[in-house]
file my_file_3.cif (mmCIF, C-alpha atoms; chains and numbers go by the auth columns)
data_coords
#
loop_
_atom_site.group_PDB
_atom_site.id
_atom_site.type_symbol
_atom_site.label_atom_id
_atom_site.label_comp_id
_atom_site.label_asym_id
_atom_site.label_seq_id
_atom_site.Cartn_x
_atom_site.Cartn_y
_atom_site.Cartn_z
_atom_site.B_iso_or_equiv
_atom_site.auth_seq_id
_atom_site.auth_asym_id
ATOM 1 C CA MET A 1 86.848 110.770 99.102 0.00 11 A
ATOM 2 C CA GLU A 2 85.314 107.870 97.159 0.00 12 A
ATOM 3 C CA ILE A 3 87.705 106.623 94.476 0.00 13 A
ATOM 4 C CA ASP A 4 86.433 105.816 90.982 0.00 14 A
ATOM 5 C CA LYS A 5 87.981 102.335 90.746 0.00 15 A
ATOM 6 C CA LEU A 6 87.581 102.035 86.990 0.00 16 A
ATOM 7 C CA LEU A 7 89.179 105.428 86.412 0.00 17 A
ATOM 8 C CA LEU A 8 91.995 104.578 88.829 0.00 18 A
ATOM 9 C CA ASP A 9 92.726 101.233 87.149 0.00 19 A
ATOM 10 C CA ALA A 10 92.648 102.795 83.694 0.00 20 A
ATOM 11 C CA SER A 11 95.041 105.560 84.768 0.00 21 A
ATOM 12 C CA LEU A 12 97.487 103.118 86.376 0.00 22 A
ATOM 13 C CA ALA A 13 97.382 100.816 83.344 0.00 23 A
ATOM 14 C CA ARG A 14 98.109 103.725 80.989 0.00 24 A
ATOM 15 C CA LEU A 15 100.993 104.995 83.116 0.00 25 A
ATOM 16 C CA HIS A 16 102.510 101.513 83.408 0.00 26 A
ATOM 17 C CA HIS A 17 102.883 101.455 79.620 0.00 27 A
ATOM 18 C CA LEU A 18 104.830 104.713 79.351 0.00 28 A
ATOM 19 C CA VAL A 19 108.277 104.137 77.849 0.00 29 A
ATOM 20 C CA PRO A 20 111.206 106.243 79.174 0.00 30 A
ATOM 21 C CA SER A 21 113.389 105.371 76.192 0.00 31 A
ATOM 22 C CA GLN A 22 110.957 107.165 73.878 0.00 32 A
ATOM 23 C CA VAL A 23 109.822 110.164 75.941 0.00 33 A
ATOM 24 C CA GLU A 24 111.759 112.562 78.172 0.00 34 A
ATOM 25 C CA LEU A 25 111.820 111.108 81.688 0.00 35 A
ATOM 26 C CA ALA A 26 110.820 114.399 83.359 0.00 36 A
ATOM 27 C CA LYS A 27 107.684 114.546 81.202 0.00 37 A
ATOM 28 C CA LEU A 28 106.724 111.030 82.280 0.00 38 A
ATOM 29 C CA VAL A 29 107.147 111.905 85.961 0.00 39 A
ATOM 30 C CA SER A 30 105.009 115.013 85.424 0.00 40 A
ATOM 31 C CA GLU A 31 102.378 112.823 83.755 0.00 41 A
ATOM 32 C CA VAL A 32 102.156 110.649 86.876 0.00 42 A
ATOM 33 C CA VAL A 33 101.856 113.738 89.095 0.00 43 A
ATOM 34 C CA ARG A 34 99.048 115.168 86.950 0.00 44 A
ATOM 35 C CA ALA A 35 97.199 111.841 87.008 0.00 45 A
ATOM 36 C CA VAL A 36 97.371 111.675 90.813 0.00 46 A
ATOM 37 C CA THR A 37 96.006 115.213 91.099 0.00 47 A
ATOM 38 C CA GLU A 38 93.093 114.523 88.769 0.00 48 A
ATOM 39 C CA ILE A 39 92.119 111.105 90.135 0.00 49 A
ATOM 40 C CA PHE A 40 91.944 112.259 93.747 0.00 50 A
ATOM 41 C CA GLY A 41 90.718 115.819 93.216 0.00 51 A
ATOM 42 C CA LEU A 42 93.800 117.272 94.900 0.00 52 A
ATOM 43 C CA ALA A 43 94.983 120.851 95.259 0.00 53 A
ATOM 44 C CA GLY A 44 98.498 119.830 94.236 0.00 54 A
ATOM 45 C CA ALA A 45 101.077 117.069 93.934 0.00 55 A
ATOM 46 C CA GLY A 46 104.763 116.707 93.183 0.00 56 A
ATOM 47 C CA VAL A 47 107.928 114.651 93.531 0.00 57 A
ATOM 48 C CA LEU A 48 111.047 115.332 95.613 0.00 58 A
ATOM 49 C CA LEU A 49 114.296 113.530 94.786 0.00 59 A
ATOM 50 C CA ALA A 50 117.460 113.104 96.858 0.00 60 A
ATOM 51 C CA ASP A 51 120.149 115.573 95.831 0.00 61 A
ATOM 52 C CA ALA A 52 123.858 116.024 96.587 0.00 62 A
ATOM 53 C CA ASP A 53 123.545 119.762 97.222 0.00 63 A
ATOM 54 C CA ARG A 54 120.293 120.328 99.114 0.00 64 A
ATOM 55 C CA ALA A 55 119.467 116.815 100.330 0.00 65 A
ATOM 56 C CA LEU A 56 116.080 116.986 98.567 0.00 66 A
ATOM 57 C CA ARG A 57 115.088 118.803 95.386 0.00 67 A
ATOM 58 C CA SER A 58 111.760 119.192 93.579 0.00 68 A
ATOM 59 C CA ILE A 59 111.682 117.516 90.162 0.00 69 A
ATOM 60 C CA ALA A 60 107.975 117.782 89.311 0.00 70 A
ATOM 61 C CA ALA A 61 104.875 119.664 90.467 0.00 71 A
ATOM 62 C CA ALA A 62 101.382 119.511 89.017 0.00 72 A
ATOM 63 C CA ASP A 63 100.510 123.138 89.808 0.00 73 A
ATOM 64 C CA SER A 64 101.305 126.088 92.068 0.00 74 A
ATOM 65 C CA SER A 65 100.107 124.300 95.211 0.00 75 A
ATOM 66 C CA GLY A 66 102.332 121.324 94.454 0.00 76 A
ATOM 67 C CA ALA A 67 105.245 123.676 93.801 0.00 77 A
ATOM 68 C CA LEU A 68 104.632 125.495 97.099 0.00 78 A
ATOM 69 C CA LEU A 69 104.432 122.224 99.024 0.00 79 A
ATOM 70 C CA GLU A 70 107.814 121.167 97.720 0.00 80 A
ATOM 71 C CA ARG A 71 109.584 124.534 97.768 0.00 81 A
ATOM 72 C CA VAL A 72 108.797 125.237 101.419 0.00 82 A
ATOM 73 C CA GLN A 73 109.963 121.799 102.541 0.00 83 A
ATOM 74 C CA GLU A 74 113.063 121.956 100.367 0.00 84 A
ATOM 75 C CA GLU A 75 114.022 125.315 101.870 0.00 85 A
ATOM 76 C CA CYS A 76 113.204 124.467 105.499 0.00 86 A
ATOM 77 C CA GLY A 77 114.377 120.855 105.532 0.00 87 A
ATOM 78 C CA GLU A 78 111.269 119.687 107.380 0.00 88 A
ATOM 79 C CA GLY A 79 107.723 118.641 106.634 0.00 89 A
ATOM 80 C CA PRO A 80 105.675 115.508 105.985 0.00 90 A
ATOM 81 C CA CYS A 81 107.396 114.705 102.704 0.00 91 A
ATOM 82 C CA VAL A 82 110.895 115.235 104.106 0.00 92 A
ATOM 83 C CA GLU A 83 109.956 113.001 107.023 0.00 93 A
ATOM 84 C CA SER A 84 108.608 110.374 104.640 0.00 94 A
ATOM 85 C CA PHE A 85 111.961 110.304 102.846 0.00 95 A
ATOM 86 C CA ILE A 86 113.962 110.065 106.077 0.00 96 A
ATOM 87 C CA THR A 87 111.837 107.392 107.754 0.00 97 A
ATOM 88 C CA ASP A 88 110.943 105.484 104.551 0.00 98 A
ATOM 89 C CA GLU A 89 107.297 105.462 105.636 0.00 99 A
ATOM 90 C CA ILE A 90 104.028 107.062 104.568 0.00 100 A
ATOM 91 C CA VAL A 91 103.563 110.289 106.543 0.00 101 A
ATOM 92 C CA VAL A 92 100.073 111.734 106.944 0.00 102 A
ATOM 93 C CA SER A 93 98.679 115.072 108.040 0.00 103 A
ATOM 94 C CA GLU A 94 94.893 115.376 107.949 0.00 104 A
ATOM 95 C CA ASP A 95 94.727 118.959 109.238 0.00 105 A
ATOM 96 C CA LEU A 96 97.816 121.176 109.119 0.00 106 A
ATOM 97 C CA ALA A 97 96.110 123.789 111.298 0.00 107 A
ATOM 98 C CA ALA A 98 96.330 121.310 114.176 0.00 108 A
ATOM 99 C CA GLU A 99 99.926 120.225 113.441 0.00 109 A
ATOM 100 C CA THR A 100 102.823 120.661 115.875 0.00 110 A
ATOM 101 C CA ARG A 101 105.411 118.548 114.031 0.00 111 A
ATOM 102 C CA TRP A 102 106.659 121.052 111.427 0.00 112 A
ATOM 103 C CA PRO A 103 106.438 124.597 112.858 0.00 113 A
ATOM 104 C CA ARG A 104 108.512 126.242 110.128 0.00 114 A
ATOM 105 C CA VAL A 105 106.593 124.975 107.110 0.00 115 A
ATOM 106 C CA VAL A 106 102.981 124.828 108.329 0.00 116 A
ATOM 107 C CA PRO A 107 102.258 128.613 108.309 0.00 117 A
ATOM 108 C CA ALA A 108 103.468 128.979 104.718 0.00 118 A
ATOM 109 C CA LEU A 109 101.451 125.969 103.563 0.00 119 A
ATOM 110 C CA LEU A 110 98.291 127.197 105.278 0.00 120 A
ATOM 111 C CA ASP A 111 98.780 130.655 103.779 0.00 121 A
ATOM 112 C CA GLY A 112 99.045 128.981 100.374 0.00 122 A
ATOM 113 C CA GLY A 113 95.751 127.142 100.841 0.00 123 A
ATOM 114 C CA ILE A 114 97.209 123.721 101.694 0.00 124 A
ATOM 115 C CA HIS A 115 95.439 122.071 104.646 0.00 125 A
ATOM 116 C CA ALA A 116 96.225 118.346 104.392 0.00 126 A
ATOM 117 C CA VAL A 117 99.270 116.472 103.079 0.00 127 A
ATOM 118 C CA LEU A 118 100.372 112.925 102.343 0.00 128 A
ATOM 119 C CA GLY A 119 103.994 111.886 101.716 0.00 129 A
ATOM 120 C CA ILE A 120 104.776 108.529 100.071 0.00 130 A
ATOM 121 C CA PRO A 121 108.364 107.240 99.805 0.00 131 A
ATOM 122 C CA VAL A 122 109.644 106.427 96.324 0.00 132 A
ATOM 123 C CA ARG A 123 112.198 103.618 96.508 0.00 133 A
ATOM 124 C CA LEU A 124 114.976 102.399 94.264 0.00 134 A
ATOM 125 C CA GLY A 125 118.001 100.232 94.926 0.00 135 A
ATOM 126 C CA GLY A 126 116.729 99.001 98.277 0.00 136 A
ATOM 127 C CA GLY A 127 115.811 102.319 99.870 0.00 137 A
ATOM 128 C CA PRO A 128 114.089 105.690 99.457 0.00 138 A
ATOM 129 C CA ILE A 129 115.401 108.102 96.841 0.00 139 A
ATOM 130 C CA GLY A 130 112.578 110.620 97.166 0.00 140 A
ATOM 131 C CA THR A 131 108.877 111.056 97.784 0.00 141 A
ATOM 132 C CA LEU A 132 105.566 111.465 96.012 0.00 142 A
ATOM 133 C CA ASN A 133 103.767 114.343 97.720 0.00 143 A
ATOM 134 C CA VAL A 134 100.085 115.270 97.574 0.00 144 A
ATOM 135 C CA ALA A 135 98.107 118.151 99.063 0.00 145 A
ATOM 136 C CA ALA A 136 94.433 118.942 99.708 0.00 146 A
ATOM 137 C CA ASP A 137 92.918 122.413 100.020 0.00 147 A
ATOM 138 C CA SER A 138 90.829 121.481 103.079 0.00 148 A
ATOM 139 C CA PRO A 139 91.279 119.137 106.067 0.00 149 A
ATOM 140 C CA ARG A 140 91.041 115.583 104.800 0.00 150 A
ATOM 141 C CA VAL A 141 90.882 112.112 106.286 0.00 151 A
ATOM 142 C CA TRP A 142 93.097 110.046 104.006 0.00 152 A
ATOM 143 C CA THR A 143 91.307 106.709 103.662 0.00 153 A
ATOM 144 C CA ASP A 144 93.049 103.350 103.479 0.00 154 A
ATOM 145 C CA SER A 145 91.950 103.003 99.857 0.00 155 A
ATOM 146 C CA GLU A 146 93.474 106.393 99.015 0.00 156 A
ATOM 147 C CA ARG A 147 96.732 105.504 100.715 0.00 157 A
ATOM 148 C CA ASP A 148 96.885 102.162 98.905 0.00 158 A
ATOM 149 C CA ALA A 149 96.200 103.843 95.576 0.00 159 A
ATOM 150 C CA MET A 150 98.915 106.447 96.225 0.00 160 A
ATOM 151 C CA VAL A 151 101.363 103.618 96.913 0.00 161 A
ATOM 152 C CA HIS A 152 100.470 102.183 93.500 0.00 162 A
ATOM 153 C CA PHE A 153 101.255 105.529 91.869 0.00 163 A
ATOM 154 C CA GLY A 154 104.533 105.566 93.790 0.00 164 A
ATOM 155 C CA ALA A 155 105.294 102.138 92.325 0.00 165 A
ATOM 156 C CA VAL A 156 104.614 103.499 88.837 0.00 166 A
ATOM 157 C CA LEU A 157 107.172 106.239 89.508 0.00 167 A
ATOM 158 C CA GLU A 158 109.691 103.684 90.726 0.00 168 A
ATOM 159 C CA ASN A 159 109.232 101.609 87.572 0.00 169 A
ATOM 160 C CA LEU A 160 109.607 104.650 85.319 0.00 170 A
ATOM 161 C CA LEU A 161 112.750 105.839 87.096 0.00 171 A
ATOM 162 C CA LEU A 162 114.292 102.371 87.011 0.00 172 A
ATOM 163 C CA ALA A 163 113.468 102.019 83.313 0.00 173 A
ATOM 164 C CA GLY A 164 115.023 105.430 82.719 0.00 174 A
ATOM 165 C CA LEU A 165 118.249 104.267 84.346 0.00 175 A
ATOM 166 C CA ILE A 166 118.287 101.007 82.423 0.00 176 A
ATOM 167 C CA ALA A 167 117.755 102.938 79.191 0.00 177 A
ATOM 168 C CA ASP A 168 120.967 104.825 80.079 0.00 178 A
ATOM 169 C CA ARG A 169 119.332 108.166 79.507 0.00 179 A
ATOM 170 C CA ASN A 170 121.596 111.196 79.610 0.00 180 A
ATOM 171 C CA ASP A 171 118.972 113.862 80.248 0.00 181 A
ATOM 172 C CA LYS A 172 118.963 116.081 83.341 0.00 182 A
ATOM 173 C CA LEU A 173 116.554 114.000 85.408 0.00 183 A
ATOM 174 C CA ALA A 174 118.320 110.716 84.636 0.00 184 A
ATOM 175 C CA ARG A 175 121.590 112.250 85.835 0.00 185 A
ATOM 176 C CA GLN A 176 119.935 113.547 88.997 0.00 186 A
ATOM 177 C CA LEU A 177 118.464 110.107 89.587 0.00 187 A
ATOM 178 C CA GLN A 178 121.950 108.621 89.410 0.00 188 A
ATOM 179 C CA TYR A 179 123.132 111.226 91.916 0.00 189 A
ATOM 180 C CA ALA A 180 120.256 110.236 94.212 0.00 190 A
ATOM 181 C CA LEU A 181 121.364 106.609 94.189 0.00 191 A
ATOM 182 C CA GLU A 182 125.002 107.530 94.776 0.00 192 A
ATOM 183 C CA TYR A 183 124.494 110.040 97.568 0.00 193 A
ATOM 184 C CA ARG A 184 121.598 108.478 99.446 0.00 194 A
ATOM 185 C CA VAL A 185 123.801 105.921 101.226 0.00 195 A
ATOM 186 C CA PRO A 186 126.385 108.302 102.777 0.00 196 A
ATOM 187 C CA ILE A 187 123.604 110.683 103.797 0.00 197 A
ATOM 188 C CA GLU A 188 121.671 107.835 105.435 0.00 198 A
ATOM 189 C CA ARG A 189 124.810 106.624 107.238 0.00 199 A
ATOM 190 C CA ALA A 190 125.685 110.133 108.420 0.00 200 A
ATOM 191 C CA VAL A 191 122.150 110.567 109.769 0.00 201 A
ATOM 192 C CA GLY A 192 122.523 107.276 111.643 0.00 202 A
ATOM 193 C CA TYR A 193 125.866 108.388 113.060 0.00 203 A
ATOM 194 C CA LEU A 194 124.405 111.704 114.251 0.00 204 A
ATOM 195 C CA MET A 195 121.457 109.891 115.834 0.00 205 A
ATOM 196 C CA ALA A 196 123.855 107.738 117.850 0.00 206 A
ATOM 197 C CA THR A 197 126.326 110.447 118.847 0.00 207 A
ATOM 198 C CA ARG A 198 123.813 113.208 119.541 0.00 208 A
ATOM 199 C CA ARG A 199 121.093 110.887 120.877 0.00 209 A
ATOM 200 C CA THR A 200 118.464 112.392 118.635 0.00 210 A
ATOM 201 C CA ASP A 201 115.845 111.149 116.180 0.00 211 A
ATOM 202 C CA SER A 202 116.362 110.692 112.443 0.00 212 A
ATOM 203 C CA VAL A 203 114.423 113.820 111.435 0.00 213 A
ATOM 204 C CA SER A 204 116.436 116.075 113.766 0.00 214 A
ATOM 205 C CA ALA A 205 119.707 114.462 112.667 0.00 215 A
ATOM 206 C CA PHE A 206 118.833 115.022 109.015 0.00 216 A
ATOM 207 C CA GLU A 207 118.019 118.685 109.664 0.00 217 A
ATOM 208 C CA THR A 208 121.308 119.163 111.553 0.00 218 A
ATOM 209 C CA LEU A 209 123.195 117.715 108.597 0.00 219 A
ATOM 210 C CA ARG A 210 121.291 119.791 106.041 0.00 220 A
ATOM 211 C CA GLN A 211 121.479 123.055 107.983 0.00 221 A
ATOM 212 C CA THR A 212 125.195 122.684 108.781 0.00 222 A
ATOM 213 C CA ALA A 213 125.976 122.060 105.120 0.00 223 A
ATOM 214 C CA ARG A 214 123.922 125.094 104.160 0.00 224 A
ATOM 215 C CA ASN A 215 125.650 127.333 106.731 0.00 225 A
ATOM 216 C CA GLU A 216 129.068 126.184 105.542 0.00 226 A
ATOM 217 C CA ARG A 217 128.050 126.372 101.879 0.00 227 A
ATOM 218 C CA ARG A 218 128.950 122.748 101.331 0.00 228 A
ATOM 219 C CA ARG A 219 127.174 119.909 99.623 0.00 229 A
ATOM 220 C CA VAL A 220 125.158 117.750 101.994 0.00 230 A
ATOM 221 C CA SER A 221 126.828 114.677 100.524 0.00 231 A
ATOM 222 C CA GLU A 222 130.300 116.161 101.036 0.00 232 A
ATOM 223 C CA LEU A 223 129.588 116.921 104.688 0.00 233 A
ATOM 224 C CA ALA A 224 128.105 113.446 105.188 0.00 234 A
ATOM 225 C CA GLU A 225 131.244 111.808 103.806 0.00 235 A
ATOM 226 C CA ALA A 226 133.455 114.011 106.028 0.00 236 A
ATOM 227 C CA ILE A 227 131.437 113.000 109.096 0.00 237 A
ATOM 228 C CA LEU A 228 131.729 109.323 108.240 0.00 238 A
ATOM 229 C CA ALA A 229 135.480 109.680 107.721 0.00 239 A
ATOM 230 C CA ARG A 230 135.646 111.423 111.143 0.00 240 A
ATOM 231 C CA ARG A 231 137.038 114.545 109.514 0.00 241 A
ATOM 232 C CA ARG A 232 134.138 116.607 110.821 0.00 242 A
ATOM 233 C CA VAL A 233 132.332 116.636 114.160 0.00 243 A
ATOM 234 C CA LEU A 234 128.947 118.346 114.586 0.00 244 A
#

call {"tool": "encode", "arguments": {"input": "my_file_3.cif", "output": "structure tokens"}}
result
Amino acid sequence: MEIDKLLLDASLARLHHLVPSQVELAKLVSEVVRAVTEIFGLAGAGVLLADADRALRSIAAADSSGALLERVQEECGEGPCVESFITDEIVVSEDLAAETRWPRVVPALLDGGIHAVLGIPVRLGGGPIGTLNVAADSPRVWTDSERDAMVHFGAVLENLLLAGLIADRNDKLARQLQYALEYRVPIERAVGYLMATRRTDSVSAFETLRQTARNERRRVSELAEAILARRRVL
């Protein structure tokens, strides 16, 4: 898709001037998600944030497609956006119908009219705390210019979230953001430990951690800390 550069620059400039101390942080995040959807003509978009209970939790979705994209990945613990969070890299799928990487989420996404996805890590405090996720309703070749522009929107999110923390907000999203910063490190370390001991990749290790916590009805962060303290072996 050809990007309207003037429209893109105007949207980014407007979003950069949003002030978390004056407007509810969740509304500002939703504003970024809506802008991404409109600029790129997307079927949906949303944001996932690291969470103590479920490992990742949806905090914003532009529409039903964005909500579906996040809900399915949150429930299954796999998908392009989950992988983007784990690997701290942009993850691309141009045609989900041809995908073999995420067998549990692809059928539900295709049934919901989602055919292409892009996951962009959102970073704070030196590492990923979540992802910006976008979806198209047909197979789509994500161009370099689109990827670069999405990274800019991810940077806007990072700036808003950081400003929200600095403003010492006490709303729900600000508290969840603080949880994300606190729990990301033990989860990352536990994933690394499982990779070494089970000789597996980061995505599989993350899913093992998430699924075990779910089966035992424990917080992911609690299980991660137990693993690191050698009180729990998987």

call {"tool": "resolve_selection", "arguments": {"input": "my_file_3.cif", "expression": "the PyMOL selection byres ((chain A and resi 132-141) around 10)", "output": "count of residues only"}}
result
49

call {"tool": "closest_residue", "arguments": {"input": "my_file_3.cif", "among": "A:Asp147, A:Glu85, A:Glu217, A:Glu80", "to": "Ile197 (chain A)", "atoms": "all atoms listed in the file"}}
result
A:Glu217

call {"tool": "closest_residue", "arguments": {"input": "my_file_3.cif", "among": "A:Leu219, A:Val230, A:Ala55, A:Ile124", "to": "Ala72 (chain A)", "atoms": "only C-alpha atoms"}}
result
A:Ala55

call {"tool": "closest_residue", "arguments": {"input": "my_file_3.cif", "among": "A:Val42, A:Ala118, A:Leu183, A:Val213", "to": "Arg81 (chain A)", "atoms": "only C-alpha atoms"}}
result
A:Ala118

call {"tool": "resolve_selection", "arguments": {"input": "my_file_3.cif", "expression": "the PyMOL selection byres ((chain A and resi 150) around 8)", "output": "PDB file with C-alpha atoms, in the frame of the given file"}}
result
ATOM      1  CA  GLU A 104      94.893 115.376 107.949  1.00  0.00           C
ATOM      2  CA  ASP A 105      94.727 118.959 109.238  1.00  0.00           C
ATOM      3  CA  HIS A 125      95.439 122.071 104.646  1.00  0.00           C
ATOM      4  CA  ALA A 126      96.225 118.346 104.392  1.00  0.00           C
ATOM      5  CA  ALA A 146      94.433 118.942  99.708  1.00  0.00           C
ATOM      6  CA  SER A 148      90.829 121.481 103.079  1.00  0.00           C
ATOM      7  CA  PRO A 149      91.279 119.137 106.067  1.00  0.00           C
ATOM      8  CA  VAL A 151      90.882 112.112 106.286  1.00  0.00           C
ATOM      9  CA  TRP A 152      93.097 110.046 104.006  1.00  0.00           C
TER      10      TRP A 152
END

call {"tool": "closest_residue", "arguments": {"input": "my_file_3.cif", "among": "A:Ile237, A:Val201, A:Val46, A:Leu79", "to": "Pro117 (chain A)", "atoms": "all atoms listed in the file"}}
result
A:Leu79

call {"tool": "closest_residue", "arguments": {"input": "my_file_3.cif", "among": "A:Gly174, A:Gly123, A:Gly54, A:Gly89", "to": "Glu34 (chain A)", "atoms": "only C-alpha atoms"}}
result
A:Gly174

call {"tool": "atom_distance", "arguments": {"input": "my_file_3.cif", "atom1": "CA of Arg114 (chain A)", "atom2": "CA of Cys86 (chain A)"}}
result
6.8 Å

call {"tool": "closest_residue", "arguments": {"input": "my_file_3.cif", "among": "A:Ala45, A:Leu78, A:Ala53, A:Val101", "to": "Arg157 (chain A)", "atoms": "only C-alpha atoms"}}
result
A:Val101

call {"tool": "atom_distance", "arguments": {"input": "my_file_3.cif", "atom1": "CA of Leu38 (chain A)", "atom2": "CA of Val115 (chain A)"}}
result
28.5 Å

call {"tool": "atom_distance", "arguments": {"input": "my_file_3.cif", "atom1": "CA of Thr47 (chain A)", "atom2": "CA of Ala108 (chain A)"}}
result
23.9 Å

call {"tool": "resolve_selection", "arguments": {"input": "my_file_3.cif", "expression": "the PyMOL selection byres ((chain A and resi 200) around 12)", "output": "VMD selection string"}}
result
chain A and resid 96 193 to 199 201 to 208 212 215 to 220 230 to 240 242 to 244
